[in-house]
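Text of the file upload25.cif, holding mmCIF, C-alpha atoms (C1' of nucleotides):
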```cif
data_data
#
loop_
_atom_site.label_atom_id
_atom_site.label_comp_id
_atom_site.auth_asym_id
_atom_site.auth_seq_id
_atom_site.Cartn_x
_atom_site.Cartn_y
_atom_site.Cartn_z
CA MET A 1 121.84 88.40 83.42
CA PHE A 2 122.25 84.87 84.74
CA ALA A 3 125.97 85.46 85.19
CA GLU A 4 128.30 82.93 86.73
CA GLY A 5 128.38 84.29 90.25
CA CYS A 6 124.69 85.12 90.33
CA PRO A 7 123.26 84.30 93.75
CA SER A 8 120.21 82.74 92.14
CA SER A 9 122.47 80.09 90.68
CA ALA A 10 123.64 79.28 94.17
CA VAL A 11 120.12 78.66 95.36
CA PRO A 12 120.84 76.23 98.12
CA ILE A 13 117.97 73.83 98.17
CA ARG A 14 117.07 71.55 95.39
CA ILE A 15 113.40 71.05 96.03
CA GLY A 16 113.66 69.16 92.80
CA GLU A 17 115.39 66.41 94.73
CA LYS A 18 112.86 63.67 94.77
CA TRP A 19 112.66 63.02 98.52
CA ALA A 20 113.96 66.17 100.20
CA GLY A 21 110.60 67.83 100.43
CA MET A 22 108.89 64.76 101.81
CA VAL A 23 111.57 64.41 104.46
CA LEU A 24 110.87 67.95 105.61
CA VAL A 25 107.18 67.12 105.81
CA CYS A 26 107.91 64.01 107.85
CA LEU A 27 110.03 66.02 110.27
CA ALA A 28 107.59 68.89 110.49
CA ASP A 29 106.02 67.83 113.75
CA GLY A 30 108.97 66.43 115.62
CA PRO A 31 112.21 64.47 115.34
CA ARG A 32 112.16 61.11 113.62
CA ARG A 33 114.49 58.14 113.42
CA PHE A 34 115.93 56.73 110.23
CA SER A 35 113.56 53.80 110.22
CA GLU A 36 110.62 56.03 111.09
CA LEU A 37 111.31 58.00 107.93
CA LYS A 38 111.40 54.92 105.75
CA VAL A 39 107.82 54.03 106.64
CA PRO A 40 105.93 57.02 105.23
CA LEU A 41 108.48 57.38 102.42
CA ARG A 42 107.45 54.15 100.84
CA GLY A 43 109.87 53.02 98.20
CA VAL A 44 112.90 55.01 99.22
CA THR A 45 116.05 52.92 99.47
CA PRO A 46 118.39 53.39 102.43
CA LYS A 47 121.11 54.65 100.16
CA VAL A 48 118.97 57.39 98.69
CA LEU A 49 117.46 58.31 102.04
CA THR A 50 120.93 58.66 103.48
CA GLU A 51 122.02 60.85 100.60
CA THR A 52 118.99 63.04 101.02
CA LEU A 53 119.50 63.38 104.78
CA ARG A 54 123.19 64.16 104.34
CA ALA A 55 122.42 66.89 101.84
CA LEU A 56 119.81 68.44 104.11
CA GLU A 57 122.17 68.23 107.06
CA ARG A 58 125.00 69.77 105.09
CA ASP A 59 122.82 72.73 104.20
CA GLY A 60 121.76 73.23 107.79
CA MET A 61 118.14 72.20 107.28
CA ILE A 62 118.20 69.30 109.69
CA THR A 63 120.35 68.01 112.54
CA ARG A 64 121.56 64.46 112.96
CA THR A 65 121.95 63.11 116.48
CA ALA A 66 123.50 59.68 116.97
CA TYR A 67 123.09 58.06 120.37
CA ASP A 68 125.86 55.67 121.32
CA GLU A 69 123.65 52.72 122.12
CA MET A 70 123.01 49.19 121.04
CA PRO A 71 121.08 48.88 118.87
CA PRO A 72 122.02 52.19 117.26
CA ARG A 73 119.62 55.09 117.36
CA VAL A 74 119.80 58.21 115.24
CA GLU A 75 117.38 61.09 115.26
CA TYR A 76 116.82 63.72 112.66
CA ALA A 77 115.15 67.03 113.42
CA LEU A 78 114.40 70.27 111.63
CA THR A 79 116.49 73.33 112.39
CA ASP A 80 115.05 76.84 112.32
CA LEU A 81 116.36 77.13 108.81
CA GLY A 82 114.68 73.88 107.92
CA ARG A 83 111.41 75.06 109.38
CA SER A 84 111.72 78.23 107.34
CA LEU A 85 112.26 76.17 104.20
CA PHE A 86 109.35 73.96 105.11
CA ALA A 87 107.10 77.01 105.33
CA MET A 88 108.34 78.11 101.92
CA MET A 89 107.63 74.73 100.42
CA HIS A 90 104.22 74.71 101.97
CA ALA A 91 103.44 77.89 100.08
CA CYS A 92 104.70 76.29 96.89
CA ARG A 93 102.54 73.28 97.50
CA GLU A 94 99.48 75.44 98.05
CA TRP A 95 100.18 77.28 94.84
CA ALA A 96 100.51 73.98 93.01
CA GLU A 97 97.28 72.59 94.38
CA ALA A 98 95.41 75.79 93.68
CA ASN A 99 96.59 75.89 90.09
CA LEU A 100 96.57 72.20 89.31
CA PRO A 101 93.16 72.31 87.62
CA ASP A 102 94.31 75.06 85.28
CA VAL A 103 97.44 73.16 84.38
CA LEU A 104 95.51 69.98 83.72
CA ALA A 105 93.07 71.88 81.55
CA ALA A 106 95.95 73.45 79.66
CA ARG A 107 97.45 70.03 79.01
CA GLU A 108 94.21 68.69 77.66
CA ALA A 109 93.77 71.72 75.44
CA TYR A 110 97.32 71.27 74.19
CA LEU A 111 96.67 67.66 73.32
CA ASP A 112 93.46 68.55 71.54
CA ALA A 113 95.22 71.23 69.52
CA GLN A 114 97.83 68.71 68.49
CA ALA A 115 95.23 66.19 67.46
CA GLU A 116 93.43 68.79 65.39
CA ALA A 117 96.66 69.79 63.70
CA ARG A 118 97.32 66.17 62.77
CA THR A 119 93.81 65.82 61.35
CA ARG A 120 94.32 68.93 59.25
CA ASP A 121 97.60 67.60 57.89
CA ALA A 122 96.11 64.23 57.06
CA GLY A 123 92.99 65.64 55.44
CA MET B 1 100.85 59.78 103.22
CA PHE B 2 102.50 60.37 99.89
CA ALA B 3 100.09 57.98 98.24
CA GLU B 4 100.00 57.34 94.54
CA GLY B 5 97.27 59.73 93.59
CA CYS B 6 98.41 62.44 95.95
CA PRO B 7 97.99 65.84 94.31
CA SER B 8 101.38 66.88 95.56
CA SER B 9 102.91 64.23 93.36
CA ALA B 10 101.17 65.79 90.41
CA VAL B 11 102.73 69.15 91.08
CA PRO B 12 102.77 70.52 87.61
CA ILE B 13 105.85 72.62 87.32
CA ARG B 14 109.30 71.35 87.58
CA ILE B 15 111.14 74.42 88.74
CA GLY B 16 113.98 71.99 88.94
CA GLU B 17 114.17 72.10 85.17
CA LYS B 18 117.34 73.88 84.48
CA TRP B 19 116.07 76.63 82.19
CA ALA B 20 112.34 76.92 82.88
CA GLY B 21 112.69 79.51 85.59
CA MET B 22 115.05 81.64 83.55
CA VAL B 23 112.65 81.57 80.63
CA LEU B 24 109.90 82.91 82.86
CA VAL B 25 112.21 85.70 84.00
CA CYS B 26 113.05 86.55 80.41
CA LEU B 27 109.37 86.74 79.51
CA ALA B 28 108.41 88.67 82.63
CA ASP B 29 108.32 92.06 80.97
CA GLY B 30 106.92 91.22 77.59
CA PRO B 31 106.87 88.70 74.73
CA ARG B 32 110.15 87.51 73.29
CA ARG B 33 111.22 85.67 70.18
CA PHE B 34 113.11 82.40 70.13
CA SER B 35 116.38 84.07 69.25
CA GLU B 36 115.80 86.81 71.81
CA LEU B 37 115.64 84.13 74.48
CA LYS B 38 118.88 82.51 73.41
CA VAL B 39 120.83 85.69 74.09
CA PRO B 40 120.31 86.07 77.84
CA LEU B 41 120.20 82.30 78.29
CA ARG B 42 123.82 81.91 77.34
CA GLY B 43 124.74 78.32 76.72
CA VAL B 44 121.32 76.87 76.08
CA THR B 45 121.14 74.78 72.95
CA PRO B 46 118.20 75.15 70.57
CA LYS B 47 117.08 71.61 71.31
CA VAL B 48 116.89 72.19 75.04
CA LEU B 49 115.32 75.61 74.69
CA THR B 50 112.65 74.10 72.46
CA GLU B 51 111.99 71.35 74.95
CA THR B 52 111.70 73.84 77.79
CA LEU B 53 109.36 76.10 75.84
CA ARG B 54 107.18 73.16 74.77
CA ALA B 55 106.85 71.98 78.35
CA LEU B 56 105.90 75.44 79.57
CA GLU B 57 103.42 75.82 76.72
CA ARG B 58 101.92 72.42 77.42
CA ASP B 59 101.32 73.38 81.03
CA GLY B 60 99.70 76.66 80.07
CA MET B 61 102.48 78.88 81.39
CA ILE B 62 103.31 80.50 78.08
CA THR B 63 101.75 80.96 74.67
CA ARG B 64 103.45 80.37 71.35
CA THR B 65 102.45 82.54 68.41
CA ALA B 66 103.88 81.75 64.98
CA TYR B 67 103.52 84.41 62.29
CA ASP B 68 103.39 83.10 58.74
CA GLU B 69 106.15 85.28 57.35
CA MET B 70 109.54 84.99 55.76
CA PRO B 71 111.78 84.87 57.61
CA PRO B 72 109.79 83.04 60.26
CA ARG B 73 108.84 84.81 63.45
CA VAL B 74 107.61 83.20 66.65
CA GLU B 75 106.74 84.96 69.85
CA TYR B 76 106.48 83.52 73.33
CA ALA B 77 104.55 85.28 76.08
CA LEU B 78 103.51 84.58 79.64
CA THR B 79 99.92 83.62 80.37
CA ASP B 80 98.16 84.64 83.57
CA LEU B 81 99.07 81.25 84.95
CA GLY B 82 102.67 81.81 83.96
CA ARG B 83 102.70 85.20 85.65
CA SER B 84 101.31 83.56 88.76
CA LEU B 85 104.06 80.97 88.70
CA PHE B 86 106.61 83.69 88.12
CA ALA B 87 105.43 85.47 91.24
CA MET B 88 105.74 82.22 93.18
CA MET B 89 109.24 81.68 91.95
CA HIS B 90 110.12 85.23 92.83
CA ALA B 91 109.14 84.49 96.40
CA CYS B 92 111.28 81.36 96.33
CA ARG B 93 114.20 83.35 95.01
CA GLU B 94 113.84 85.94 97.76
CA TRP B 95 113.78 83.21 100.36
CA ALA B 96 116.89 81.69 98.86
CA GLU B 97 118.77 84.95 98.80
CA ALA B 98 117.73 85.82 102.32
CA ASN B 99 118.87 82.47 103.66
CA LEU B 100 121.91 81.91 101.50
CA PRO B 101 124.34 83.17 104.15
CA ASP B 102 122.96 80.72 106.69
CA VAL B 103 123.25 77.84 104.26
CA LEU B 104 126.80 78.74 103.37
CA ALA B 105 127.70 78.97 107.04
CA ALA B 106 126.10 75.58 107.65
CA ARG B 107 128.12 74.05 104.85
CA GLU B 108 131.35 75.42 106.23
CA ALA B 109 130.49 74.18 109.71
CA TYR B 110 129.68 70.77 108.26
CA LEU B 111 133.03 70.61 106.49
CA ASP B 112 134.84 71.67 109.64
CA ALA B 113 133.08 69.00 111.66
CA GLN B 114 134.09 66.41 109.10
CA ALA B 115 137.72 67.53 109.19
CA GLU B 116 137.75 67.38 112.95
CA ALA B 117 136.30 63.89 112.91
CA ARG B 118 139.02 62.75 110.54
CA THR B 119 141.71 64.27 112.74
CA ARG B 120 140.26 62.50 115.75
CA ASP B 121 140.27 59.17 113.91
CA ALA B 122 143.84 59.62 112.76
CA GLY B 123 145.17 60.73 116.11
"C1'" DC C 1 119.18 49.58 113.38
"C1'" DT C 2 121.71 52.52 110.48
"C1'" DG C 3 123.78 52.85 107.04
"C1'" DC C 4 127.94 51.93 103.27
"C1'" DA C 5 129.51 49.42 98.79
"C1'" DT C 6 128.55 48.06 94.45
"C1'" DC C 7 126.28 47.73 90.31
"C1'" DC C 8 122.95 49.36 87.09
"C1'" DC C 9 119.75 52.11 84.28
"C1'" DG C 10 116.72 56.00 82.48
"C1'" DT C 11 116.75 60.52 81.40
"C1'" DG C 12 117.89 65.44 81.43
"C1'" DG C 13 120.76 68.02 79.17
"C1'" DG C 14 124.67 69.15 75.97
"C1'" DA C 15 127.36 69.11 71.14
"C1'" DT C 16 126.93 69.14 66.49
"C1'" DA C 17 124.88 69.18 62.07
"C1'" DC C 18 121.07 69.90 59.12
"C1'" DT C 19 116.26 71.89 57.22
"C1'" DG C 20 111.86 74.62 55.76
"C1'" DC D 1 114.88 82.49 61.88
"C1'" DA D 2 113.28 78.72 64.35
"C1'" DG D 3 113.67 74.91 64.95
"C1'" DT D 4 114.64 69.15 64.01
"C1'" DA D 5 117.73 65.05 64.00
"C1'" DT D 6 121.47 62.39 66.12
"C1'" DC D 7 124.57 61.14 69.13
"C1'" DC D 8 126.49 61.14 73.66
"C1'" DC D 9 127.44 61.47 78.56
"C1'" DA D 10 126.89 62.48 83.58
"C1'" DC D 11 124.24 61.74 87.27
"C1'" DG D 12 120.14 61.06 90.12
"C1'" DG D 13 118.10 57.39 91.75
"C1'" DG D 14 117.02 52.34 92.35
"C1'" DA D 15 118.29 47.16 93.60
"C1'" DT D 16 120.89 44.24 96.20
"C1'" DG D 17 124.10 42.78 99.55
"C1'" DC D 18 127.06 43.47 103.47
"C1'" DA D 19 128.90 45.62 108.06
"C1'" DG D 20 129.44 47.85 112.65
#
```
Is it possible to give me this structure as structure tokens?
Amino acid sequence: MFAEGCPSSAVPIRIGEKWAGMVLVCLADGPRRFSELKVPLRGVTPKVLTETLRALERDGMITRTAYDEMPPRVEYALTDLGRSLFAMMHACREWAEANLPDVLAAREAYLDAQAEARTRDAG
Amino acid sequence: MFAEGCPSSAVPIRIGEKWAGMVLVCLADGPRRFSELKVPLRGVTPKVLTETLRALERDGMITRTAYDEMPPRVEYALTDLGRSLFAMMHACREWAEANLPDVLAAREAYLDAQAEARTRDAG
DNA sequence: CTGCATCCCGTGGGATACTG
DNA sequence: CAGTATCCCACGGGATGCAG
């Protein structure tokens, strides 16, 4: 169980990566340029955006097309694999939204239980 | 898009957390004790396992039941919410396994393209 | 415009030792 | 047995500045 070579350990996409998912969303309905991605992704620095794009490109989720022009123009687009991943993530997102209320309720209950425990200790 | 209060940002579960997913797997077919979790999760330290379990408990994914005995006994079990998340993660895992070959191929192609670019620059 | 270089920092996660 | 207490480090990610 959970051995070294386990395929689950090799799970390719780190949807934990802070911006990867948002990039997929931004590319969902068509190719976008580097600067077009920076707009909706408020707060992302060029360095981090580049890293994210490189990782997605490396894993075959997006393509990078550089046009030899001045000023430079580069377009990023989803591959079939990327679209497949996007669909997967969409399902995850729907799960999250559907269950968010329960999670929030659980957190509140947890906090309350803690507070009660503290009261009991103090009293 | 991607505003502050966006529910997607509040996505409750960090499946990126290194051990959280494995814990769910370990609890999938019944409650387990702390020490019973440490066995399959080779390499996890008690501190980190505790942190992971606390986070899952806080979010309502698992329950923690402490029996007042000597020696101490504590059992962790999935909640309905946890089982739901487990099912979600199972789907993610199946996607990953199904698409792993493609990702690996993409990585190799990416490396080859890089090597070729270097050769071109040098020559 | 599209990045790369550099520096920096918080935090997730690990090692080790100790306790009720 | 089931943790807690400390210490520590790598690394993801951010800020800033520069270059082709």
Chain B fitted onto chain A, all C-alpha pairs in order, as a CSV table (one decimal) with C-alpha atoms, keeping the file's coordinate frame:
```
chain,number,residue,atom,x,y,z
B,1,MET,CA,121.8,88.4,83.4
B,2,PHE,CA,122.2,84.9,84.8
B,3,ALA,CA,125.9,85.5,85.1
B,4,GLU,CA,128.3,83.0,86.7
B,5,GLY,CA,128.4,84.3,90.2
B,6,CYS,CA,124.7,85.1,90.3
B,7,PRO,CA,123.3,84.3,93.7
B,8,SER,CA,120.2,82.7,92.1
B,9,SER,CA,122.5,80.1,90.6
B,10,ALA,CA,123.7,79.3,94.1
B,11,VAL,CA,120.2,78.7,95.3
B,12,PRO,CA,120.9,76.2,98.1
B,13,ILE,CA,118.0,73.8,98.1
B,14,ARG,CA,117.1,71.5,95.4
B,15,ILE,CA,113.4,71.0,96.0
B,16,GLY,CA,113.7,69.1,92.8
B,17,GLU,CA,115.4,66.4,94.8
B,18,LYS,CA,112.9,63.6,94.8
B,19,TRP,CA,112.7,63.0,98.5
B,20,ALA,CA,114.0,66.1,100.2
B,21,GLY,CA,110.6,67.8,100.4
B,22,MET,CA,108.9,64.7,101.8
B,23,VAL,CA,111.6,64.4,104.5
B,24,LEU,CA,110.9,67.9,105.6
B,25,VAL,CA,107.2,67.1,105.8
B,26,CYS,CA,107.9,64.0,107.8
B,27,LEU,CA,110.0,66.0,110.3
B,28,ALA,CA,107.6,68.8,110.5
B,29,ASP,CA,106.0,67.8,113.7
B,30,GLY,CA,109.0,66.4,115.6
B,31,PRO,CA,112.2,64.4,115.4
B,32,ARG,CA,112.2,61.1,113.6
B,33,ARG,CA,114.5,58.1,113.4
B,34,PHE,CA,116.0,56.7,110.2
B,35,SER,CA,113.6,53.8,110.2
B,36,GLU,CA,110.7,56.0,111.1
B,37,LEU,CA,111.3,57.9,107.9
B,38,LYS,CA,111.4,54.9,105.8
B,39,VAL,CA,107.9,54.0,106.7
B,40,PRO,CA,106.0,57.0,105.2
B,41,LEU,CA,108.5,57.3,102.4
B,42,ARG,CA,107.5,54.1,100.8
B,43,GLY,CA,109.9,52.9,98.2
B,44,VAL,CA,113.0,54.9,99.2
B,45,THR,CA,116.1,52.9,99.5
B,46,PRO,CA,118.5,53.3,102.4
B,47,LYS,CA,121.2,54.6,100.1
B,48,VAL,CA,119.0,57.4,98.7
B,49,LEU,CA,117.5,58.3,102.1
B,50,THR,CA,121.0,58.6,103.5
B,51,GLU,CA,122.1,60.8,100.6
B,52,THR,CA,119.0,63.0,101.0
B,53,LEU,CA,119.5,63.3,104.8
B,54,ARG,CA,123.2,64.1,104.3
B,55,ALA,CA,122.4,66.9,101.8
B,56,LEU,CA,119.8,68.4,104.1
B,57,GLU,CA,122.2,68.2,107.1
B,58,ARG,CA,125.0,69.7,105.1
B,59,ASP,CA,122.8,72.7,104.2
B,60,GLY,CA,121.7,73.2,107.8
B,61,MET,CA,118.1,72.2,107.2
B,62,ILE,CA,118.2,69.3,109.7
B,63,THR,CA,120.3,68.0,112.5
B,64,ARG,CA,121.6,64.5,113.0
B,65,THR,CA,122.0,63.2,116.5
B,66,ALA,CA,123.5,59.7,117.0
B,67,TYR,CA,123.1,58.1,120.5
B,68,ASP,CA,125.9,55.7,121.5
B,69,GLU,CA,123.7,52.8,122.3
B,70,MET,CA,123.0,49.3,121.3
B,71,PRO,CA,121.1,49.0,119.1
B,72,PRO,CA,122.0,52.2,117.4
B,73,ARG,CA,119.7,55.1,117.5
B,74,VAL,CA,119.8,58.2,115.3
B,75,GLU,CA,117.4,61.1,115.3
B,76,TYR,CA,116.8,63.7,112.7
B,77,ALA,CA,115.2,67.0,113.4
B,78,LEU,CA,114.4,70.2,111.6
B,79,THR,CA,116.5,73.3,112.3
B,80,ASP,CA,115.0,76.8,112.3
B,81,LEU,CA,116.3,77.1,108.7
B,82,GLY,CA,114.7,73.8,107.9
B,83,ARG,CA,111.4,75.0,109.3
B,84,SER,CA,111.7,78.2,107.3
B,85,LEU,CA,112.2,76.1,104.1
B,86,PHE,CA,109.3,73.9,105.1
B,87,ALA,CA,107.1,77.0,105.3
B,88,MET,CA,108.3,78.1,101.9
B,89,MET,CA,107.6,74.7,100.4
B,90,HIS,CA,104.2,74.7,102.0
B,91,ALA,CA,103.4,77.9,100.1
B,92,CYS,CA,104.6,76.3,96.9
B,93,ARG,CA,102.4,73.3,97.5
B,94,GLU,CA,99.4,75.5,98.0
B,95,TRP,CA,100.1,77.3,94.8
B,96,ALA,CA,100.4,74.0,93.0
B,97,GLU,CA,97.2,72.7,94.4
B,98,ALA,CA,95.3,75.9,93.7
B,99,ASN,CA,96.5,76.0,90.1
B,100,LEU,CA,96.5,72.3,89.3
B,101,PRO,CA,93.1,72.4,87.6
B,102,ASP,CA,94.2,75.1,85.3
B,103,VAL,CA,97.4,73.2,84.4
B,104,LEU,CA,95.4,70.1,83.7
B,105,ALA,CA,93.0,72.0,81.5
B,106,ALA,CA,95.9,73.5,79.6
B,107,ARG,CA,97.4,70.1,79.0
B,108,GLU,CA,94.2,68.8,77.6
B,109,ALA,CA,93.7,71.8,75.4
B,110,TYR,CA,97.3,71.4,74.2
B,111,LEU,CA,96.7,67.7,73.3
B,112,ASP,CA,93.4,68.6,71.5
B,113,ALA,CA,95.2,71.3,69.5
B,114,GLN,CA,97.9,68.8,68.5
B,115,ALA,CA,95.2,66.2,67.4
B,116,GLU,CA,93.5,68.8,65.4
B,117,ALA,CA,96.7,69.8,63.7
B,118,ARG,CA,97.3,66.2,62.8
B,119,THR,CA,93.8,65.8,61.4
B,120,ARG,CA,94.3,68.9,59.3
B,121,ASP,CA,97.6,67.6,57.9
B,122,ALA,CA,96.1,64.3,57.0
B,123,GLY,CA,93.0,65.7,55.4
```
Q: Return the neighbours of chain A among the residues of chain B, cut-off 6 Å, counting all atoms listed in the file, as number ranges by chain.
A: B: 11, 16, 58-60, 96, 103, 106-107, 110
**Q.** Distance in Å - atom CA of Val74 of chain B versus atom C1' of DA2 of chain D
**A.** 7.6 Å
Q. What does the PyMOL selection byres ((chain C) within 12 of (chain A)) select in this file, as a list in words?
A.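 Expected selection for the PyMOL selection byres ((chain C) within 12 of (chain A)) here is DC1, DT2, DG3, DC4, DA5 and DT6 of chain C.
Run against this file, the PyMOL selection byres ((chain D) within 12 of (chain A)) gives back DG12, DG13, DG14, DA15, DT16 and DG20 of chain D.
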Q: Could you tell me which residues the PyMOL selection byres ((chain D and resi 4) around 8) grabs in this file, written as a PyMOL selection string?
A: (chain C and resi 19) or (chain D and resi 3+5)
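Atom to atom, atom CA of Arg32 of chain A and atom CA of Ala77 of chain A stand 6.6 Å apart.
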